[in-house]
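Note: the block below is input_24.csv and it holds CSV, C-alpha atoms.
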```csv
chain,number,residue,atom,x,y,z
K,148,MET,CA,-73.9,-41.5,-44.5
K,149,PRO,CA,-72.3,-44.1,-42.2
K,150,GLY,CA,-69.6,-44.9,-44.7
K,151,HIS,CA,-68.6,-41.3,-45.1
K,152,ASP,CA,-68.4,-41.0,-41.3
K,153,ARG,CA,-66.2,-43.9,-41.0
K,154,VAL,CA,-63.8,-42.5,-43.6
K,155,VAL,CA,-63.7,-39.1,-41.8
K,156,ARG,CA,-63.0,-40.9,-38.5
K,157,ARG,CA,-60.2,-42.9,-40.1
K,158,ILE,CA,-58.6,-39.8,-41.6
K,159,ALA,CA,-58.8,-38.1,-38.1
K,160,ARG,CA,-57.2,-41.1,-36.5
K,161,LEU,CA,-54.5,-41.1,-39.1
K,162,LYS,CA,-53.8,-37.4,-38.5
K,163,LEU,CA,-53.8,-38.0,-34.8
K,164,SER,CA,-51.2,-40.8,-35.1
K,165,HIS,CA,-49.2,-38.6,-37.4
K,166,ASN,CA,-49.3,-35.8,-34.7
K,167,ARG,CA,-48.2,-38.3,-32.0
K,168,PHE,CA,-45.3,-39.4,-34.2
K,169,THR,CA,-44.1,-35.9,-35.0
K,170,CYS,CA,-44.8,-33.7,-32.0
K,171,HIS,CA,-45.1,-36.2,-29.1
K,172,ALA,CA,-48.8,-35.7,-28.6
K,173,ARG,CA,-48.8,-38.4,-25.9
K,174,ASP,CA,-47.1,-35.9,-23.6
K,175,LEU,CA,-50.0,-33.5,-24.0
K,176,PRO,CA,-53.3,-33.9,-22.1
K,177,ASP,CA,-56.1,-35.6,-24.0
K,178,THR,CA,-58.1,-32.5,-24.3
K,179,ALA,CA,-55.3,-30.6,-26.1
K,180,ILE,CA,-56.2,-32.2,-29.5
K,181,PRO,CA,-60.0,-32.7,-30.0
K,182,SER,CA,-60.6,-35.7,-32.1
K,183,THR,CA,-63.1,-34.0,-34.4
K,184,HIS,CA,-60.9,-31.0,-35.2
K,185,PRO,CA,-57.3,-32.0,-35.7
K,186,THR,CA,-56.4,-28.7,-37.2
K,187,LEU,CA,-58.1,-26.5,-34.5
K,188,ARG,CA,-54.8,-25.6,-32.9
K,189,GLU,CA,-53.3,-24.5,-36.2
K,190,ALA,CA,-56.3,-22.2,-36.7
K,191,ASP,CA,-55.7,-20.8,-33.2
K,192,MET,CA,-52.1,-20.1,-34.0
K,193,LEU,CA,-53.0,-18.4,-37.3
K,194,GLU,CA,-55.5,-16.3,-35.4
K,195,GLN,CA,-52.8,-15.2,-33.0
K,196,MET,CA,-50.6,-14.3,-36.0
K,197,THR,CA,-53.2,-12.2,-37.7
K,198,ALA,CA,-54.7,-10.5,-34.7
K,199,ARG,CA,-52.2,-7.7,-34.8
K,200,LEU,CA,-52.6,-7.4,-38.5
K,201,ASP,CA,-56.3,-6.9,-37.9
K,202,PHE,CA,-55.7,-4.1,-35.4
K,203,HIS,CA,-53.5,-2.3,-37.9
K,204,GLY,CA,-56.1,-2.8,-40.6
K,205,GLN,CA,-58.8,-1.1,-38.4
K,206,SER,CA,-56.3,1.7,-37.7
K,207,LEU,CA,-55.6,2.1,-41.4
K,208,ASN,CA,-59.4,2.3,-42.1
K,209,LEU,CA,-59.9,5.0,-39.6
K,210,ARG,CA,-56.9,7.0,-40.9
K,211,ALA,CA,-58.3,6.8,-44.4
K,212,GLN,CA,-61.7,8.1,-43.1
K,213,ARG,CA,-60.0,11.0,-41.2
K,214,GLN,CA,-58.1,11.8,-44.3
K,215,GLN,CA,-61.3,12.2,-46.2
K,216,LEU,CA,-62.8,14.4,-43.6
K,217,LEU,CA,-59.8,16.7,-43.6
K,218,ALA,CA,-59.9,16.8,-47.4
K,219,SER,CA,-63.5,17.9,-47.2
K,220,ASN,CA,-62.6,20.6,-44.7
K,221,ILE,CA,-59.8,21.9,-47.0
K,222,ALA,CA,-62.2,21.8,-50.0
K,223,ASN,CA,-64.7,23.9,-48.2
K,224,ALA,CA,-62.3,26.5,-46.8
K,225,ASP,CA,-64.1,29.2,-48.9
K,226,THR,CA,-67.7,28.0,-48.5
K,227,PRO,CA,-69.9,30.4,-46.4
K,228,GLY,CA,-71.5,28.7,-43.4
K,229,TYR,CA,-69.5,25.5,-43.6
K,230,VAL,CA,-68.6,23.9,-40.3
K,231,ALA,CA,-65.4,21.9,-40.1
K,232,ARG,CA,-65.7,18.4,-38.8
K,233,ASP,CA,-63.3,15.9,-37.3
K,234,PHE,CA,-63.2,13.0,-34.9
K,235,ASP,CA,-61.2,11.8,-31.9
K,236,PHE,CA,-58.9,9.1,-33.5
K,237,ALA,CA,-57.9,7.4,-30.2
K,238,GLN,CA,-61.5,7.1,-29.1
K,239,ALA,CA,-62.7,5.8,-32.5
K,240,LEU,CA,-59.9,3.2,-32.5
K,241,LYS,CA,-60.9,2.1,-29.0
K,242,ASN,CA,-64.5,1.8,-30.2
K,243,VAL,CA,-63.6,-0.2,-33.3
K,244,THR,CA,-61.2,-2.6,-31.6
K,245,ALA,CA,-63.3,-3.1,-28.5
K,246,ALA,CA,-65.3,-6.3,-27.9
K,247,PRO,CA,-68.7,-5.9,-29.6
K,248,ALA,CA,-70.7,-4.8,-26.6
K,249,ARG,CA,-72.4,-1.7,-27.9
K,250,ASP,CA,-74.7,-2.1,-31.0
K,251,SER,CA,-74.2,-5.9,-30.8
K,252,VAL,CA,-76.6,-8.1,-32.7
K,253,ALA,CA,-78.1,-11.3,-31.3
K,254,VAL,CA,-76.3,-14.3,-32.7
K,255,SER,CA,-78.4,-17.5,-33.0
K,256,ASP,CA,-75.9,-19.7,-34.9
K,257,VAL,CA,-72.2,-20.2,-34.3
K,258,ARG,CA,-71.5,-19.5,-38.0
K,259,HIS,CA,-72.9,-16.0,-37.7
K,260,LEU,CA,-70.1,-13.4,-38.0
K,261,PRO,CA,-69.9,-11.0,-35.0
K,262,MET,CA,-71.0,-7.5,-35.8
K,263,ARG,CA,-68.4,-4.9,-34.8
K,264,PRO,CA,-69.1,-1.3,-34.1
K,265,GLY,CA,-68.2,0.3,-37.4
K,266,LEU,CA,-66.5,3.5,-38.4
K,267,PRO,CA,-67.7,6.7,-36.8
K,268,ARG,CA,-71.0,7.8,-38.2
K,269,SER,CA,-72.4,11.2,-38.9
K,270,GLY,CA,-73.6,11.7,-35.3
K,271,GLU,CA,-70.2,10.8,-33.8
K,272,LEU,CA,-68.3,13.4,-35.8
K,273,ALA,CA,-67.3,16.4,-33.8
K,274,TYR,CA,-67.5,20.0,-35.0
K,275,ALA,CA,-64.2,22.0,-35.0
K,276,VAL,CA,-64.1,25.0,-32.6
K,277,GLN,CA,-63.6,28.3,-34.3
K,278,THR,CA,-60.2,29.9,-33.7
K,279,GLN,CA,-60.8,33.1,-35.5
K,280,PRO,CA,-64.4,33.9,-36.2
K,281,SER,CA,-65.2,34.9,-39.7
K,282,GLN,CA,-68.0,37.0,-41.2
K,283,ASP,CA,-69.4,34.2,-43.3
K,284,ARG,CA,-69.7,31.8,-40.3
K,285,ASN,CA,-67.1,29.4,-41.9
K,286,THR,CA,-65.2,27.6,-39.2
K,287,VAL,CA,-62.3,26.1,-41.2
K,288,ASP,CA,-58.9,27.0,-39.9
K,289,LEU,CA,-56.8,26.3,-43.0
K,290,ASP,CA,-53.5,26.1,-41.1
K,291,ARG,CA,-54.8,23.7,-38.6
K,292,GLU,CA,-56.5,21.5,-41.3
K,293,ARG,CA,-53.3,21.4,-43.3
K,294,ALA,CA,-51.2,20.5,-40.3
K,295,ASN,CA,-53.8,17.7,-39.4
K,296,PHE,CA,-53.8,16.5,-43.0
K,297,VAL,CA,-50.0,16.1,-43.1
K,298,ASP,CA,-49.9,14.6,-39.7
K,299,ASN,CA,-52.6,12.1,-40.6
K,300,SER,CA,-50.9,11.1,-43.9
K,301,VAL,CA,-47.6,10.5,-42.1
K,302,ARG,CA,-49.4,8.3,-39.6
K,303,TYR,CA,-51.3,6.5,-42.4
K,304,GLU,CA,-48.0,5.7,-44.0
K,305,SER,CA,-46.5,4.5,-40.7
K,306,THR,CA,-49.4,2.2,-40.2
K,307,LEU,CA,-48.8,0.9,-43.7
K,308,ARG,CA,-45.1,0.2,-42.8
K,309,PHE,CA,-46.2,-1.6,-39.6
K,310,ILE,CA,-48.4,-3.9,-41.7
K,311,ASN,CA,-45.6,-4.5,-44.2
K,312,GLY,CA,-43.1,-5.3,-41.5
K,313,HIS,CA,-45.6,-7.6,-39.9
K,314,VAL,CA,-46.2,-9.4,-43.1
K,315,LYS,CA,-42.4,-9.8,-43.7
K,316,THR,CA,-42.0,-11.2,-40.2
K,317,MET,CA,-44.7,-13.7,-40.7
K,318,LEU,CA,-43.4,-14.7,-44.1
K,319,SER,CA,-39.9,-15.3,-42.7
K,320,ALA,CA,-41.5,-17.3,-39.8
K,321,ILE,CA,-43.4,-19.5,-42.4
K,322,THR,CA,-40.4,-20.0,-44.6
K,323,GLY,CA,-38.2,-20.6,-41.6
K,324,GLN,CA,-35.1,-18.8,-42.8
V,238,MET,CA,-63.8,2.4,-51.6
V,239,SER,CA,-62.6,4.7,-48.9
V,240,MET,CA,-59.9,7.2,-50.0
V,241,PHE,CA,-60.9,7.4,-53.6
V,242,ASN,CA,-63.7,9.8,-52.5
V,243,ILE,CA,-61.0,12.4,-51.8
V,244,PHE,CA,-60.6,12.8,-55.5
V,245,ASN,CA,-64.3,13.6,-55.8
V,246,VAL,CA,-64.2,16.1,-52.9
V,247,SER,CA,-61.0,17.9,-53.9
V,248,GLY,CA,-61.9,17.7,-57.6
V,249,SER,CA,-65.2,19.5,-57.0
V,250,ALA,CA,-63.3,22.1,-55.0
V,251,VAL,CA,-60.7,22.6,-57.7
V,252,SER,CA,-63.4,22.9,-60.3
V,253,ALA,CA,-65.3,25.5,-58.2
V,254,GLN,CA,-62.1,27.5,-57.6
V,255,ALA,CA,-61.3,27.4,-61.3
V,256,GLN,CA,-64.7,28.8,-62.0
V,257,ARG,CA,-64.0,31.6,-59.5
V,258,LEU,CA,-60.8,32.3,-61.2
V,259,ASN,CA,-62.6,32.5,-64.5
V,260,VAL,CA,-65.1,35.1,-63.1
V,261,VAL,CA,-62.2,37.1,-61.7
V,262,ALA,CA,-60.5,37.1,-65.1
V,263,SER,CA,-63.7,38.2,-66.7
V,264,ASN,CA,-64.1,41.0,-64.1
V,265,LEU,CA,-60.5,42.2,-64.6
V,266,ALA,CA,-60.8,42.1,-68.4
V,267,ASN,CA,-63.8,44.4,-68.1
V,268,ALA,CA,-62.4,46.7,-65.4
V,269,ASP,CA,-62.1,49.6,-67.9
V,270,ALA,CA,-65.1,48.9,-70.0
V,271,VAL,CA,-67.5,51.8,-70.4
V,272,ALA,CA,-71.3,51.9,-70.8
V,273,GLY,CA,-72.7,51.3,-74.3
V,274,PRO,CA,-75.6,53.2,-75.8
V,275,ASP,CA,-78.0,51.6,-73.3
V,276,GLY,CA,-76.2,53.3,-70.4
V,277,GLN,CA,-75.5,49.9,-68.7
V,278,ALA,CA,-71.8,49.2,-67.9
V,279,TYR,CA,-70.4,45.8,-67.1
V,280,LYS,CA,-71.3,44.7,-63.5
V,281,ALA,CA,-68.7,42.9,-61.4
V,282,ARG,CA,-69.7,39.2,-60.9
V,283,GLN,CA,-69.0,37.0,-58.0
V,284,VAL,CA,-69.4,33.2,-57.4
V,285,GLN,CA,-71.4,31.8,-54.5
V,286,PHE,CA,-70.1,28.5,-53.1
V,287,GLN,CA,-72.2,25.9,-51.6
V,288,THR,CA,-71.5,22.6,-49.8
V,289,VAL,CA,-72.6,19.3,-51.5
V,290,PRO,CA,-72.6,16.1,-49.4
V,291,LEU,CA,-70.5,13.4,-51.2
V,292,GLY,CA,-70.4,9.8,-50.2
V,293,ALA,CA,-69.7,8.9,-46.6
V,294,PRO,CA,-71.0,11.1,-43.7
V,295,GLY,CA,-69.0,14.2,-43.2
V,296,ASN,CA,-67.5,14.2,-46.7
V,297,ALA,CA,-68.5,17.4,-48.4
V,298,GLY,CA,-67.6,18.8,-51.8
V,299,VAL,CA,-68.1,22.3,-53.2
V,300,LYS,CA,-70.2,23.6,-56.1
V,301,VAL,CA,-70.9,27.0,-57.4
V,302,GLN,CA,-74.5,27.7,-56.5
V,303,THR,CA,-75.0,31.0,-58.4
V,304,ILE,CA,-73.1,33.8,-59.9
V,305,THR,CA,-74.3,37.2,-58.6
V,306,GLU,CA,-73.8,40.6,-60.1
V,307,ASN,CA,-72.7,43.5,-58.0
V,308,GLN,CA,-75.6,46.1,-58.3
V,309,GLN,CA,-73.6,49.1,-57.1
V,310,PRO,CA,-73.6,52.0,-59.6
V,311,GLY,CA,-70.6,52.2,-61.8
V,312,ARG,CA,-67.9,54.9,-61.6
V,313,ARG,CA,-69.0,58.1,-63.5
V,314,GLU,CA,-66.4,60.3,-65.1
V,315,HIS,CA,-66.8,63.7,-66.7
V,316,ASN,CA,-65.4,63.4,-70.2
V,317,PRO,CA,-67.6,65.3,-72.8
V,318,ASN,CA,-65.2,64.4,-75.7
V,319,HIS,CA,-65.6,60.7,-75.2
V,320,PRO,CA,-67.7,59.1,-77.9
V,321,MET,CA,-69.8,57.2,-75.3
V,322,ALA,CA,-70.5,60.2,-73.2
V,323,ASP,CA,-74.1,60.8,-72.3
V,324,ALA,CA,-76.1,64.0,-72.6
V,325,ASP,CA,-74.5,65.5,-69.5
V,326,GLY,CA,-71.0,64.7,-70.7
V,327,TYR,CA,-70.5,61.8,-68.3
V,328,VAL,CA,-69.0,58.4,-69.1
V,329,THR,CA,-70.1,55.4,-66.9
V,330,HIS,CA,-67.4,52.8,-66.2
V,331,SER,CA,-67.9,49.3,-64.9
V,332,ASN,CA,-68.2,48.9,-61.1
V,333,VAL,CA,-65.2,46.5,-60.9
V,334,ASN,CA,-62.8,47.2,-58.1
V,335,PRO,CA,-59.4,45.9,-59.4
V,336,VAL,CA,-57.9,45.6,-55.9
V,337,GLU,CA,-60.7,43.4,-54.7
V,338,GLU,CA,-60.4,41.3,-57.8
V,339,MET,CA,-56.7,40.8,-57.3
V,340,VAL,CA,-57.3,39.7,-53.7
V,341,ASN,CA,-60.0,37.4,-54.9
V,342,MET,CA,-57.6,35.9,-57.5
V,343,ILE,CA,-54.8,35.2,-55.0
V,344,SER,CA,-57.3,33.6,-52.6
V,345,ALA,CA,-58.7,31.4,-55.4
V,346,SER,CA,-55.3,30.4,-56.6
V,347,ARG,CA,-54.1,29.5,-53.1
V,348,SER,CA,-57.2,27.4,-52.5
V,349,TYR,CA,-56.7,25.7,-55.9
V,350,GLN,CA,-53.1,24.8,-55.0
V,351,ASN,CA,-54.2,23.5,-51.6
V,352,ASN,CA,-56.7,21.1,-53.2
V,353,VAL,CA,-54.3,19.9,-55.8
V,354,GLU,CA,-51.8,19.1,-53.0
V,355,VAL,CA,-54.5,17.2,-51.1
V,356,MET,CA,-55.1,15.1,-54.2
V,357,ASN,CA,-51.4,14.5,-54.7
V,358,THR,CA,-51.0,13.3,-51.1
V,359,ALA,CA,-54.1,11.0,-51.4
V,360,LYS,CA,-52.6,9.6,-54.6
V,361,THR,CA,-49.3,8.9,-53.0
V,362,LEU,CA,-51.0,7.2,-50.0
V,363,LEU,CA,-53.2,5.1,-52.3
V,364,LEU,CA,-50.2,4.0,-54.4
V,365,LYS,CA,-48.3,3.0,-51.2
V,366,THR,CA,-51.4,1.1,-50.1
V,367,LEU,CA,-51.4,-0.8,-53.4
V,368,GLN,CA,-47.9,-2.0,-52.6
V,369,MET,CA,-48.9,-3.4,-49.2
V,370,GLY,CA,-47.4,-6.7,-48.3
V,371,GLN,CA,-44.8,-6.7,-51.0
```
Please, can you express the file's structure as structure tokens?
Amino acid sequence: MPGHDRVVRRIARLKLSHNRFTCHARDLPDTAIPSTHPTLREADMLEQMTARLDFHGQSLNLRAQRQQLLASNIANADTPGYVARDFDFAQALKNVTAAPARDSVAVSDVRHLPMRPGLPRSGELAYAVQTQPSQDRNTVDLDRERANFVDNSVRYESTLRFINGHVKTMLSAITGQ
Amino acid sequence: MSMFNIFNVSGSAVSAQAQRLNVVASNLANADAVAGPDGQAYKARQVQFQTVPLGAPGNAGVKVQTITENQQPGRREHNPNHPMADADGYVTHSNVNPVEEMVNMISASRSYQNNVEVMNTAKTLLLKTLQMGQ
């Protein structure tokens, strides 16, 4: 549709001239504002603003998963033969937030979403070491699990506060007050 | 959704511990029961817990697999005047050991409390998650 293309080009030119008028785009190199995507830089800025939020989101996800594992351990404190499970939070967070190198999926189109290494799977969960061997081969140390549970819930809540603080910061930046 | 599974896990544990408490209550109630005309006294019962996988990997609930009866012979007491005495003058009591049952009861009650606390914490965290960004 040639007519449509012309309209799009005219809108882009209008936006460009608007940019030049408001933020002195003539001072910038020509490559700074691509003619086809006048709003690309805004998207970049938004990306920068939400990157930290994304990190906290991943962290919150992992905390929730660890909370479930600890709840399972406490629930099975009296089950014969149950082996307590847990995972290394720092390592898991590194895996989740790292660039998708491991387990990456081939991307044949720019619109494909990148696959990230997900939450720890069954094979990546570790088994707790027994502190006091019991007759029924149960390895849950209830004191340790309870301490971990409380620790994890406090850290979950602190991550929530980080997110809330970040949202407040961004909102005040947007409203400009 | 992630943390809602805690209610399934801890709920199953609370239910299993409640059943264990029920069995303990039944044992303690029959601690002094004597054998009837068939010579069979009450036998102490005990629950057997089993792990059940629930939802995501690593998440495991509990269920009561079976309830077993203690097959040890009951305590026999020489009391020829008792209406339930056998031909030799012995009365067979149940094989419930009240001390063991009390220990079992305290253990079940503590585990029950632990799991309720876990659910309360999970509930608080979920409610705070709901208020995210406000």
Which chain V residues have any atom within 7 Å of an atom of chain K, and for each, what is the nearest pair of atoms with distance in Å to one decimal, counting all atoms listed in the file, rows sorted by chain and number, as CSV?
```
residue,atom,partner,partner_atom,distance
V:Ser239,CA,K:Ala211,CA,6.6
V:Met240,CA,K:Ala211,CA,5.8
V:Ile243,CA,K:Gln215,CA,5.6
V:Val246,CA,K:Ser219,CA,6.0
V:Ser247,CA,K:Ala222,CA,5.6
V:Ala250,CA,K:Ala222,CA,5.1
V:Phe286,CA,K:Thr226,CA,5.2
V:Gln287,CA,K:Thr226,CA,5.9
V:Thr288,CA,K:Thr226,CA,6.7
V:Pro294,CA,K:Ser269,CA,5.0
V:Gly295,CA,K:Leu216,CA,6.2
V:Asn296,CA,K:Ser219,CA,5.5
V:Ala297,CA,K:Ser219,CA,5.2
V:Gly298,CA,K:Ser219,CA,6.2
V:Val299,CA,K:Asn223,CA,6.3
V:Asn352,CA,K:Ala222,CA,6.4
V:Val355,CA,K:Ala218,CA,6.6
V:Leu362,CA,K:Glu304,CA,6.9
V:Thr366,CA,K:Leu307,CA,6.9
V:Met369,CA,K:Asn311,CA,6.1
V:Gly370,CA,K:Asn311,CA,5.0
```
Would you mind telling me which residue in V:Ala324, V:Leu367, V:Ala270, V:Val261 lies nearest to Arg282 in chain V when using all atoms listed in the file?
V:Val261
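CA of Lys360 in chain V is positioned 19.0 Å from CA of Ser206 in chain K.
With distances restricted to all atoms listed in the file, V:Asn351 is the closest residue to Asp290 in chain K from V:Asn351, V:Leu363, V:Ala278, V:Asn264.
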Might I get the box with edges along x, y and z of the file that holds all atoms of range 266-278 of chain V listed there, padded by 8 Å on every side, given as centre and edge lengths in Å to one decimal, as lines of an AutoDock Vina configuration file?
```
center_x = -69.4
center_y = 47.7
center_z = -70.6
size_x = 33.2
size_y = 27.2
size_z = 26.4
```
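Taking CA of Ser305 in chain K and CA of Gln371 in chain V as endpoints, the distance between them is 15.3 Å.
The coordinates place CA of Phe234 in chain K at 25.3 Å from CA of Gln282 in chain K.
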So which residues touch Met342 in chain V within 9 Å, counting all atoms listed in the file, skipping near sequence neighbours fewer than 6 positions away, as a list in words?
Arg257, Leu258, Val261 and Ala262 of chain V
Exercise: Ala255 in chain V partners within 9 Å, all atoms listed in the file, chain neighbours under 6 positions left out, as a PyMOL selection string
chain V and resi 345-346+349
Once you have the residues from the selection above, write them out as a compact mmCIF listing (two decimals), keeping the file's coordinate frame, restricted to C-alpha atoms.
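Final file, out33.txt:
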```txt
# COMPACT_ATOMS: atom_id res chain seq x y z
CA ALA V 345 -58.70 31.40 -55.40
CA SER V 346 -55.30 30.40 -56.60
CA TYR V 349 -56.70 25.70 -55.90
```
Which is closest to Arg312 in chain V among V:Gln277, V:Gln283, V:Ser344, V:Gln254, if we use all atoms listed in the file?
V:Gln277
